[in-house]
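Structure data (compact mmCIF, C-alpha atoms) from coords_23.txt:
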```
# COMPACT_ATOMS: atom_id res chain seq x y z
CA MET A 660 72.65 105.39 116.27
CA ALA A 661 74.39 105.37 119.43
CA SER A 662 77.44 104.04 121.11
CA ASN A 663 76.45 101.49 123.73
CA GLY A 664 78.05 100.64 127.04
CA SER A 665 80.84 98.61 125.46
CA GLU A 666 82.26 101.81 124.05
CA ALA A 667 83.36 102.77 127.55
CA GLY A 668 85.18 99.48 128.01
CA ALA A 669 87.20 100.16 124.87
CA ALA A 670 88.33 103.57 126.10
CA ALA A 671 91.84 104.58 125.12
CA GLU A 672 94.46 104.13 127.81
CA ALA A 673 96.22 107.43 127.16
CA PRO A 674 96.90 109.18 130.52
CA ALA A 675 95.56 112.65 131.18
CA SER A 676 99.15 113.87 131.28
CA ALA A 677 99.43 113.10 127.57
CA ALA A 678 98.17 116.57 126.69
CA PRO A 679 100.64 118.57 124.61
CA ALA A 680 101.94 121.75 126.18
CA ALA A 681 100.00 124.83 125.12
CA ALA A 682 101.91 127.40 123.14
CA GLY A 683 103.24 130.12 125.38
CA THR A 684 101.03 130.88 128.35
CA ALA A 685 97.71 130.65 126.48
CA ARG A 686 95.19 128.39 128.19
CA ARG A 687 93.98 125.25 126.49
CA PRO A 688 90.56 125.49 124.78
CA LEU A 689 87.57 124.39 126.87
CA MET A 690 85.63 121.76 124.92
CA GLY A 691 82.05 120.94 125.93
CA LEU A 692 81.12 117.27 125.41
CA THR A 693 77.53 116.06 125.49
CA THR A 694 76.91 112.98 127.63
CA TYR A 695 74.56 110.04 128.15
CA MET A 696 72.03 109.71 130.98
CA GLN A 697 71.08 106.08 131.59
CA GLN A 698 71.49 103.04 133.81
CA ALA A 699 75.10 102.28 134.71
CA ALA A 700 77.04 100.12 137.16
CA TRP A 701 80.16 101.04 139.13
CA GLY A 702 81.54 99.53 142.32
CA VAL A 703 78.59 98.26 144.36
CA TRP A 704 76.17 100.61 142.61
CA ASP A 705 73.74 100.10 139.74
CA ALA A 706 71.76 103.28 139.09
CA GLU A 707 70.89 105.94 136.57
CA ALA A 708 73.99 108.02 135.89
CA VAL A 709 75.40 110.72 133.65
CA ILE A 710 78.23 109.04 131.74
CA LEU A 711 80.53 109.31 128.75
CA PRO A 712 83.07 106.74 127.50
CA ALA A 713 86.48 107.82 128.76
CA GLU A 714 88.00 107.71 125.29
CA TYR A 715 86.20 110.96 124.37
CA VAL A 716 87.78 112.73 127.32
CA GLN A 717 91.20 111.23 126.66
CA MET A 718 91.10 112.20 122.99
CA VAL A 719 90.25 115.84 123.79
CA VAL A 720 93.14 115.97 126.27
CA ALA A 721 95.52 114.37 123.74
CA ALA A 722 94.41 116.96 121.16
CA GLY A 723 95.31 119.82 123.50
CA GLY A 724 91.88 120.70 124.89
CA VAL A 725 90.21 120.62 128.30
CA PRO A 726 87.07 118.40 128.40
CA VAL A 727 83.95 119.79 130.08
CA LEU A 728 81.05 117.31 130.39
CA LEU A 729 77.52 118.57 129.70
CA PRO A 730 74.73 116.40 131.17
CA PRO A 731 71.44 116.13 129.21
CA HIS A 732 69.40 117.42 132.15
CA GLY A 733 68.78 120.98 133.33
CA THR A 734 70.00 122.28 129.98
CA ASP A 735 70.86 125.99 129.87
CA PRO A 736 72.62 127.04 126.66
CA SER A 737 74.28 129.93 128.50
CA VAL A 738 76.80 127.33 129.72
CA LEU A 739 78.44 127.82 126.31
CA ASP A 740 79.47 131.34 127.31
CA GLY A 741 82.31 129.78 129.29
CA LEU A 742 83.41 127.33 126.57
CA ASP A 743 85.40 127.52 123.34
CA GLY A 744 84.02 124.55 121.40
CA LEU A 745 81.22 121.98 121.40
CA ILE A 746 81.44 118.26 120.62
CA LEU A 747 78.19 116.37 120.01
CA THR A 748 79.10 112.79 120.91
CA GLY A 749 77.74 109.36 119.97
CA GLY A 750 74.64 107.92 121.59
CA ALA A 751 71.04 106.93 121.00
CA ASP A 752 69.16 107.37 117.73
CA VAL A 753 67.82 110.84 116.89
CA GLY A 754 64.06 110.92 117.34
CA PRO A 755 62.44 110.58 113.88
CA GLU A 756 59.91 113.29 114.71
CA ARG A 757 62.86 115.69 114.40
CA TYR A 758 62.89 115.08 110.66
CA GLY A 759 59.24 114.28 110.04
CA ALA A 760 59.47 110.47 109.91
CA VAL A 761 57.54 107.60 111.49
CA PRO A 762 59.66 105.58 113.96
CA HIS A 763 61.19 102.36 112.66
CA GLU A 764 60.87 99.33 114.95
CA ARG A 765 64.66 99.38 115.46
CA THR A 766 64.86 103.08 116.33
CA GLN A 767 65.71 103.80 119.97
CA ALA A 768 65.48 107.52 120.68
CA GLN A 769 65.93 109.59 123.82
CA PRO A 770 63.82 112.78 123.56
CA TRP A 771 65.45 114.52 126.52
CA ARG A 772 68.86 114.18 124.89
CA ASP A 773 67.52 115.47 121.57
CA ASP A 774 66.13 118.52 123.40
CA HIS A 775 69.51 119.08 125.04
CA GLU A 776 71.68 118.78 121.94
CA PHE A 777 69.42 120.62 119.50
CA ALA A 778 69.35 123.55 121.94
CA LEU A 779 73.13 123.51 122.44
CA LEU A 780 73.77 123.28 118.70
CA THR A 781 71.57 126.30 117.99
CA ALA A 782 73.21 128.29 120.79
CA ALA A 783 76.70 127.37 119.58
CA ARG A 784 75.87 128.46 116.04
CA GLU A 785 74.47 131.76 117.28
CA ARG A 786 77.76 132.40 119.10
CA GLY A 787 79.92 131.40 116.14
CA MET A 788 81.37 128.58 118.25
CA PRO A 789 83.11 125.64 116.52
CA VAL A 790 81.09 122.41 116.56
CA LEU A 791 82.30 118.84 115.97
CA GLY A 792 79.69 116.09 115.52
CA ILE A 793 80.65 112.45 116.08
CA CYS A 794 78.38 109.63 114.84
CA ARG A 795 75.03 110.52 116.47
CA GLY A 796 76.37 114.09 116.51
CA LEU A 797 76.50 114.10 112.71
CA GLN A 798 72.92 112.90 112.60
CA VAL A 799 71.78 115.57 115.08
CA ILE A 800 73.42 118.23 112.90
CA ASN A 801 71.87 116.90 109.70
CA ALA A 802 68.38 116.72 111.22
CA ALA A 803 68.78 120.20 112.74
CA PHE A 804 69.57 121.62 109.30
CA GLY A 805 66.46 120.03 107.81
CA GLY A 806 67.95 116.75 106.59
CA THR A 807 66.63 113.21 107.08
CA LEU A 808 68.03 109.83 108.12
CA HIS A 809 67.86 106.22 107.03
CA GLN A 810 66.62 104.61 110.23
CA HIS A 811 68.11 101.15 109.63
CA VAL A 812 71.07 100.94 107.26
CA PRO A 813 71.02 97.13 106.75
CA GLU A 814 67.62 97.49 105.04
CA VAL A 815 69.06 100.12 102.69
CA LEU A 816 72.47 98.63 101.91
CA GLY A 817 71.90 94.94 102.56
CA HIS A 818 74.79 94.59 105.03
CA SER A 819 75.63 95.31 108.67
CA ASP A 820 79.30 96.24 108.21
CA TYR A 821 78.88 99.51 110.09
CA GLN A 822 77.63 97.71 113.22
CA PRO A 823 78.69 94.05 112.88
CA GLU A 824 77.42 92.95 116.30
CA PRO A 825 76.22 94.63 119.50
CA GLY A 826 79.29 96.21 121.06
CA VAL A 827 81.58 95.41 118.12
CA TYR A 828 82.99 98.22 115.97
CA GLY A 829 83.22 97.99 112.21
CA GLU A 830 85.88 99.65 110.07
CA VAL A 831 85.14 102.15 107.30
CA THR A 832 87.39 103.63 104.61
CA THR A 833 86.26 106.98 103.24
CA ARG A 834 87.23 109.20 100.33
CA VAL A 835 87.53 112.85 101.38
CA GLU A 836 86.77 115.86 99.19
CA PRO A 837 89.94 117.85 98.41
CA GLY A 838 90.00 121.37 99.82
CA SER A 839 87.59 120.59 102.67
CA ARG A 840 88.19 121.11 106.37
CA LEU A 841 88.32 117.35 106.74
CA ALA A 842 90.90 116.98 103.96
CA PHE A 843 93.11 119.54 105.66
CA ALA A 844 92.89 117.48 108.86
CA VAL A 845 93.24 113.92 107.54
CA GLY A 846 94.11 114.02 103.83
CA GLU A 847 92.00 112.56 101.03
CA GLN A 848 91.38 109.12 102.55
CA VAL A 849 90.90 107.82 106.06
CA SER A 850 90.10 104.46 107.67
CA ALA A 851 88.41 104.58 111.03
CA PRO A 852 86.26 102.60 113.50
CA CYS A 853 82.50 102.93 113.11
CA TYR A 854 79.38 101.80 114.97
CA HIS A 855 75.99 102.89 113.64
CA HIS A 856 72.81 101.44 112.17
CA GLN A 857 71.45 104.74 110.83
CA SER A 858 72.90 107.18 108.29
CA VAL A 859 72.23 110.38 106.36
CA ALA A 860 69.46 110.16 103.74
CA GLU A 861 68.66 113.70 102.55
CA VAL A 862 71.41 116.20 103.36
CA GLY A 863 70.35 119.25 105.37
CA ALA A 864 70.26 122.66 103.67
CA GLY A 865 73.51 124.55 104.13
CA LEU A 866 75.61 121.41 104.65
CA VAL A 867 78.15 119.91 102.24
CA VAL A 868 79.08 116.21 102.00
CA THR A 869 82.88 116.01 102.23
CA ALA A 870 83.41 112.25 102.64
CA ARG A 871 81.66 109.06 101.54
CA ALA A 872 82.28 105.37 102.02
CA GLU A 873 82.70 103.09 98.99
CA ASP A 874 78.99 102.16 99.12
CA GLY A 875 77.96 105.83 99.03
CA THR A 876 77.19 106.26 102.74
CA VAL A 877 77.70 109.87 103.85
CA GLU A 878 80.68 109.90 106.21
CA ALA A 879 81.26 113.62 106.77
CA LEU A 880 79.35 116.90 106.61
CA GLU A 881 80.62 120.47 106.85
CA THR A 882 79.43 123.99 106.41
CA PRO A 883 80.64 125.27 103.01
CA LEU A 884 83.97 126.94 102.38
CA PRO A 885 84.15 130.12 100.26
CA SER A 886 86.06 128.39 97.45
CA ALA A 887 86.29 124.87 96.04
CA GLU A 888 90.01 125.32 95.59
CA ALA A 889 92.29 123.26 97.82
CA PRO A 890 94.38 125.23 100.33
CA ALA A 891 98.09 125.62 99.72
CA ALA A 892 100.28 122.94 101.27
CA GLY A 893 100.45 123.41 105.02
CA GLU A 894 97.70 126.02 105.06
CA PRO A 895 94.25 125.55 106.64
CA ALA A 896 91.08 125.71 104.56
CA ASP A 897 89.62 129.03 105.69
CA SER A 898 85.87 129.36 105.96
CA ASP A 899 83.57 132.29 105.43
CA PRO A 900 84.02 134.40 108.60
CA ALA A 901 80.23 134.75 108.73
CA GLU A 902 79.84 130.95 108.76
CA PRO A 903 80.95 129.29 112.03
CA TRP A 904 83.31 126.29 111.83
CA LEU A 905 81.40 123.00 111.73
CA LEU A 906 82.53 119.48 110.92
CA ALA A 907 80.71 116.19 111.53
CA VAL A 908 81.92 112.63 110.93
CA GLN A 909 79.89 109.42 110.96
CA TRP A 910 82.75 107.35 112.38
CA HIS A 911 84.28 107.35 115.89
CA PRO A 912 87.63 109.20 115.81
CA GLU A 913 87.88 109.01 119.61
CA HIS A 914 88.01 105.20 119.43
CA ASN A 915 91.38 105.21 117.64
CA VAL A 916 94.03 106.44 120.07
CA GLN A 917 96.60 106.48 117.27
CA ASP A 918 94.75 109.15 115.27
CA VAL A 919 93.83 112.41 116.99
CA ARG A 920 93.59 114.49 113.80
CA VAL A 921 89.83 115.08 113.64
CA VAL A 922 89.54 116.10 117.29
CA THR A 923 92.72 118.18 117.01
CA ALA A 924 91.11 120.13 114.15
CA ALA A 925 88.15 120.94 116.42
CA VAL A 926 90.42 121.97 119.29
CA ASP A 927 92.45 124.19 116.95
CA ALA A 928 89.24 125.85 115.72
CA ALA A 929 88.18 126.38 119.34
CA ARG A 930 91.55 127.98 120.10
CA THR A 931 91.04 130.42 117.22
CA TYR A 932 87.51 131.17 118.44
CA ALA A 933 88.83 131.86 121.96
CA GLU A 934 91.51 134.18 120.60
CA GLN A 935 88.96 136.07 118.54
CA ARG A 936 86.74 136.51 121.59
CA ALA A 937 89.67 137.75 123.65
CA ARG A 938 90.51 140.39 121.02
CA THR A 939 86.97 141.77 121.05
CA VAL A 940 86.99 142.56 124.78
CA ARG A 941 87.27 146.30 125.16
CA PRO A 942 89.05 147.75 128.19
CA PRO A 943 86.54 149.42 130.55
CA ALA A 944 86.31 153.17 130.71
CA SER A 945 87.12 154.71 134.08
CA GLY A 946 84.37 153.79 136.50
CA SER A 947 82.52 151.74 133.89
CA PRO A 948 82.09 147.97 133.55
CA ALA A 949 83.89 146.19 130.71
CA GLN A 950 82.04 145.89 127.43
CA GLU A 951 82.37 143.05 124.98
CA SER A 952 81.45 143.09 121.33
CA SER A 953 80.38 140.04 119.35
CA PRO A 954 83.26 137.69 118.46
CA ALA A 955 84.35 137.48 114.87
CA GLY A 956 82.36 134.83 113.09
CA THR A 957 79.23 135.12 115.20
CA ARG A 958 75.87 135.88 113.70
CA PRO A 959 72.23 135.86 114.72
CA PRO A 960 69.96 133.00 113.66
CA ALA A 961 69.18 133.18 109.94
CA PRO A 962 65.68 134.44 109.15
CA ALA A 963 63.40 132.33 107.00
CA GLY A 964 64.18 132.74 103.33
CA SER A 965 67.69 134.07 103.94
CA GLY A 966 69.31 131.15 102.14
CA ARG A 967 71.40 130.19 105.18
CA SER A 968 70.12 127.40 107.37
CA ALA A 969 70.06 127.55 111.14
CA PRO A 970 69.68 124.38 113.24
CA ALA A 971 66.21 123.16 114.04
CA GLY A 972 64.72 123.65 117.45
CA PRO A 973 63.50 120.72 119.54
CA GLY A 974 60.25 119.29 118.28
CA GLN A 975 60.26 121.27 115.05
CA PRO A 976 59.73 119.20 111.88
CA ALA A 977 62.30 119.13 109.10
CA SER A 978 59.82 120.78 106.75
CA ALA A 979 59.97 123.99 108.79
CA GLY A 980 63.01 125.21 106.84
CA PRO A 981 65.69 127.38 108.53
CA ARG A 982 64.92 127.70 112.20
CA ALA A 983 66.34 128.31 115.67
CA ALA A 984 65.68 126.38 118.86
CA SER A 985 62.42 127.12 120.63
CA ALA A 986 62.41 129.12 123.82
CA ALA A 987 61.20 126.07 125.68
CA ALA A 988 64.36 124.18 124.77
CA ALA A 989 66.51 126.89 126.34
CA ARG A 990 64.79 126.51 129.70
CA PRO A 991 66.17 123.99 132.21
CA ASN A 992 64.63 120.53 131.86
CA HIS A 993 63.34 119.42 135.26
CA SER A 994 61.65 116.27 133.99
CA THR A 995 61.74 113.41 136.48
CA GLN A 996 61.25 110.69 133.87
CA THR A 997 63.61 107.74 133.96
CA HIS A 998 66.06 107.74 131.08
CA SER A 999 66.09 104.40 129.31
CA THR A 1000 69.16 102.28 128.68
CA GLN A 1001 70.72 101.90 125.26
CA GLU A 1002 70.84 98.52 123.57
CA GLY A 1003 71.87 97.40 120.09
CA GLY A 1004 70.30 100.27 118.14
CA ALA A 1005 73.11 102.60 118.89
CA THR A 1006 75.97 104.57 117.37
```
Can the structure from this file be put into structure tokens for me?
Amino acid sequence: MASNGSEAGAAAEAPASAAPAAAGTARRPLMGLTTYMQQAAWGVWDAEAVILPAEYVQMVVAAGGVPVLLPPHGTDPSVLDGLDGLILTGGADVGPERYGAVPHERTQAQPWRDDHEFALLTAARERGMPVLGICRGLQVINAAFGGTLHQHVPEVLGHSDYQPEPGVYGEVTTRVEPGSRLAFAVGEQVSAPCYHHQSVAEVGAGLVVTARAEDGTVEALETPLPSAEAPAAGEPADSDPAEPWLLAVQWHPEHNVQDVRVVTAAVDAARTYAEQRARTVRPPASGSPAQESSPAGTRPPAPAGSGRSAPAGPGQPASAGPRAASAAAARPNHSTQTHSTQEGGAT
């Protein structure tokens, strides 16, 4: 489920200067965005390129963050040490081997990108870093937590409303669970642009469904909050400090320039994460290098049988239960293979 090239043409026109002023002198949160690697044309050139529709970048800026693009090549999760949040963007279908399924004839996966994003997701969770998944990003998160996907929604629901035509967005209206992170950001109903032909089947362990479309399609996933009670008016829904902030939506919030609420929630969470990290830095003793303790909210990968799911590592089947990314995924990817283009089977 991936966004195809037309997504770039529909990029929001908001200028970079549209960013709201940061409070006081605090710097704006640095938001890592995963990118595509495929054939592209610009000027007189037509070649393989690392790209991302401009609307993602513009939305992060409008929400008060600084976008940092992360190419799906030469992946080193230590890049997250310099960031405050991670956004897993739209793109090609998640490889069905990630959740133990046989490929459907309409599935168009990109293994190198799966390697990249599964590794980054695991590293972000280990650091306690906020993560926002958008469309494909939601599906990556669900598969990493042991969930599965419907590989072609029209065969399940009998309609193509979520991807009406190649390069044409649909519109989805979702009901949001009260008291969730998403409800705090957008209220109890939201209408938004969508473009996907796959969707969540079995929900991954440790994730909670917090929005559905009228036909039952899962539209949002989160990590659980400590209480089902709704927050007081004007107050955020606090999460378990041992459980890093995570929200994933099946629609494309970046494609609606009039509604920055979902991305703003991620940027706000990243700002909190950055502030927590700053408070844990201890001043160096005389003649000694500075020491830094773990930020609030961080935790090591959950061991098997702990009851708390960690994202799956590249190439690990969904049946493996809680797991962290493999060491191989953390090493730079120096593959010279050509990265295929994306066609209609995209989110």
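Coordinates place atom CA of A:Val877 at a distance of 22.5 Å from atom CA of A:Thr693.
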List the spatial neighbours of A:Leu742 as a VMD selection string - criterion: any atom at most 9 Å away, only C-alpha atoms, same-chain residues fewer than 4 positions off excluded. chain A and resid 688 to 691 727 738 788 929 933
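If all atoms listed in the file are the atoms counted, then among A:Val908, A:Ala708, A:Ala860, A:Ala803 the closest residue to A:Val922 is A:Val908.
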Counting all atoms listed in the file, which residues come within 12 Å of (95.1, 107.5, 106.6), with the point read in the file's coordinates, and could you list them as a compact mmCIF listing (two decimals) with C-alpha atoms, in the frame of the given file?
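Now in part.txt:
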```txt
# COMPACT_ATOMS: atom_id res chain seq x y z
CA VAL A 831 85.14 102.15 107.30
CA THR A 832 87.39 103.63 104.61
CA THR A 833 86.26 106.98 103.24
CA ARG A 834 87.23 109.20 100.33
CA VAL A 835 87.53 112.85 101.38
CA LEU A 841 88.32 117.35 106.74
CA ALA A 842 90.90 116.98 103.96
CA ALA A 844 92.89 117.48 108.86
CA VAL A 845 93.24 113.92 107.54
CA GLY A 846 94.11 114.02 103.83
CA GLU A 847 92.00 112.56 101.03
CA GLN A 848 91.38 109.12 102.55
CA VAL A 849 90.90 107.82 106.06
CA SER A 850 90.10 104.46 107.67
CA ALA A 851 88.41 104.58 111.03
CA PRO A 912 87.63 109.20 115.81
CA ASN A 915 91.38 105.21 117.64
CA GLN A 917 96.60 106.48 117.27
CA ASP A 918 94.75 109.15 115.27
CA VAL A 919 93.83 112.41 116.99
CA ARG A 920 93.59 114.49 113.80
CA VAL A 921 89.83 115.08 113.64
```
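The residue that comes closest to A:Glu902, out of A:Gly805, A:Pro762, A:Pro823, A:Pro789 and on the basis of only C-alpha atoms, is A:Pro789.
When atom CA of A:Thr869 is paired with atom CA of A:Gly792, their separation reads 13.7 Å.
Distances from A:Asn801, A:Val761, A:Glu776, A:Gly817 to A:Pro736 were compared using only C-alpha atoms, and the smallest one belongs to A:Glu776.
Nearest residue to A:Thr807, choosing from A:Tyr828, A:Tyr758, A:Trp771, A:Tyr854 and counting all atoms listed in the file: A:Tyr758.
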Please return stretch 755-766 of chain A, rebuilt to all heavy atoms, as a JSON list (two decimals), keeping the file's coordinate frame.
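The resulting file, result08.json, is reproduced below:
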```
[["chain", "number", "residue", "atom", "x", "y", "z"],
["A", 755, "PRO", "N", 62.87, 110.33, 115.26],
["A", 755, "PRO", "CA", 62.44, 110.58, 113.88],
["A", 755, "PRO", "C", 61.47, 111.73, 113.72],
["A", 755, "PRO", "O", 61.32, 112.29, 112.63],
["A", 755, "PRO", "CB", 61.81, 109.24, 113.46],
["A", 755, "PRO", "CG", 61.49, 108.53, 114.73],
["A", 755, "PRO", "CD", 62.52, 108.97, 115.72],
["A", 756, "GLU", "N", 60.80, 112.13, 114.81],
["A", 756, "GLU", "CA", 59.91, 113.29, 114.71],
["A", 756, "GLU", "C", 60.71, 114.56, 114.42],
["A", 756, "GLU", "O", 60.14, 115.55, 113.94],
["A", 756, "GLU", "CB", 59.11, 113.46, 116.01],
["A", 756, "GLU", "CG", 59.89, 113.90, 117.22],
["A", 756, "GLU", "CD", 60.61, 112.76, 117.93],
["A", 756, "GLU", "OE1", 60.51, 111.60, 117.45],
["A", 756, "GLU", "OE2", 61.26, 113.02, 118.97],
["A", 757, "ARG", "N", 62.02, 114.52, 114.67],
["A", 757, "ARG", "CA", 62.86, 115.69, 114.40],
["A", 757, "ARG", "C", 63.00, 115.95, 112.90],
["A", 757, "ARG", "O", 63.36, 117.05, 112.49],
["A", 757, "ARG", "CB", 64.25, 115.50, 115.00],
["A", 757, "ARG", "CG", 64.25, 115.21, 116.49],
["A", 757, "ARG", "CD", 63.96, 116.44, 117.29],
["A", 757, "ARG", "NE", 63.74, 116.11, 118.69],
["A", 757, "ARG", "CZ", 63.74, 116.98, 119.68],
["A", 757, "ARG", "NH1", 63.97, 118.26, 119.42],
["A", 757, "ARG", "NH2", 63.51, 116.60, 120.91],
["A", 758, "TYR", "N", 62.79, 114.90, 112.11],
["A", 758, "TYR", "CA", 62.89, 115.08, 110.66],
["A", 758, "TYR", "C", 61.65, 114.57, 109.94],
["A", 758, "TYR", "O", 61.69, 114.19, 108.77],
["A", 758, "TYR", "CB", 64.17, 114.43, 110.11],
["A", 758, "TYR", "CG", 64.44, 113.01, 110.55],
["A", 758, "TYR", "CD1", 64.00, 111.92, 109.81],
["A", 758, "TYR", "CD2", 65.15, 112.76, 111.72],
["A", 758, "TYR", "CE1", 64.26, 110.62, 110.22],
["A", 758, "TYR", "CE2", 65.42, 111.47, 112.14],
["A", 758, "TYR", "CZ", 64.98, 110.40, 111.38],
["A", 758, "TYR", "OH", 65.25, 109.11, 111.79],
["A", 759, "GLY", "N", 60.53, 114.55, 110.66],
["A", 759, "GLY", "CA", 59.24, 114.28, 110.04],
["A", 759, "GLY", "C", 59.02, 112.86, 109.60],
["A", 759, "GLY", "O", 58.31, 112.62, 108.61],
["A", 760, "ALA", "N", 59.60, 111.87, 110.30],
["A", 760, "ALA", "CA", 59.47, 110.47, 109.91],
["A", 760, "ALA", "C", 58.72, 109.67, 110.98],
["A", 760, "ALA", "O", 58.64, 110.07, 112.15],
["A", 760, "ALA", "CB", 60.83, 109.85, 109.67],
["A", 761, "VAL", "N", 58.18, 108.54, 110.57],
["A", 761, "VAL", "CA", 57.54, 107.60, 111.49],
["A", 761, "VAL", "C", 58.61, 106.69, 112.06],
["A", 761, "VAL", "O", 59.48, 106.21, 111.33],
["A", 761, "VAL", "CB", 56.47, 106.76, 110.74],
["A", 761, "VAL", "CG1", 55.88, 105.71, 111.66],
["A", 761, "VAL", "CG2", 55.40, 107.68, 110.17],
["A", 762, "PRO", "N", 58.62, 106.41, 113.36],
["A", 762, "PRO", "CA", 59.66, 105.58, 113.96],
["A", 762, "PRO", "C", 59.73, 104.18, 113.36],
["A", 762, "PRO", "O", 58.71, 103.52, 113.17],
["A", 762, "PRO", "CB", 59.28, 105.53, 115.44],
["A", 762, "PRO", "CG", 58.43, 106.73, 115.66],
["A", 762, "PRO", "CD", 57.68, 106.94, 114.38],
["A", 763, "HIS", "N", 60.93, 103.74, 113.07],
["A", 763, "HIS", "CA", 61.19, 102.36, 112.66],
["A", 763, "HIS", "C", 61.21, 101.49, 113.92],
["A", 763, "HIS", "O", 61.52, 101.97, 115.02],
["A", 763, "HIS", "CB", 62.54, 102.30, 111.94],
["A", 763, "HIS", "CG", 62.88, 100.97, 111.34],
["A", 763, "HIS", "ND1", 63.36, 99.91, 112.08],
["A", 763, "HIS", "CD2", 62.81, 100.54, 110.06],
["A", 763, "HIS", "CE1", 63.59, 98.88, 111.28],
["A", 763, "HIS", "NE2", 63.25, 99.23, 110.04],
["A", 764, "GLU", "N", 60.91, 100.21, 113.78],
["A", 764, "GLU", "CA", 60.87, 99.33, 114.95],
["A", 764, "GLU", "C", 62.24, 99.19, 115.62],
["A", 764, "GLU", "O", 62.32, 98.85, 116.81],
["A", 764, "GLU", "CB", 60.37, 97.95, 114.54],
["A", 764, "GLU", "CG", 61.23, 97.23, 113.52],
["A", 764, "GLU", "CD", 60.69, 95.87, 113.13],
["A", 764, "GLU", "OE1", 59.59, 95.52, 113.59],
["A", 764, "GLU", "OE2", 61.37, 95.17, 112.36],
["A", 765, "ARG", "N", 63.33, 99.48, 114.88],
["A", 765, "ARG", "CA", 64.66, 99.38, 115.46],
["A", 765, "ARG", "C", 65.18, 100.71, 116.02],
["A", 765, "ARG", "O", 66.27, 100.76, 116.57],
["A", 765, "ARG", "CB", 65.64, 98.87, 114.39],
["A", 765, "ARG", "CG", 65.32, 97.49, 113.84],
["A", 765, "ARG", "CD", 65.51, 96.41, 114.90],
["A", 765, "ARG", "NE", 66.91, 96.31, 115.28],
["A", 765, "ARG", "CZ", 67.81, 95.54, 114.65],
["A", 765, "ARG", "NH1", 67.44, 94.82, 113.60],
["A", 765, "ARG", "NH2", 69.06, 95.50, 115.06],
["A", 766, "THR", "N", 64.42, 101.78, 115.84],
["A", 766, "THR", "CA", 64.86, 103.08, 116.33],
["A", 766, "THR", "C", 64.68, 103.18, 117.84],
["A", 766, "THR", "O", 63.62, 102.86, 118.38],
["A", 766, "THR", "CB", 64.08, 104.21, 115.64],
["A", 766, "THR", "OG1", 64.38, 104.20, 114.24],
["A", 766, "THR", "CG2", 64.44, 105.57, 116.22]]
```
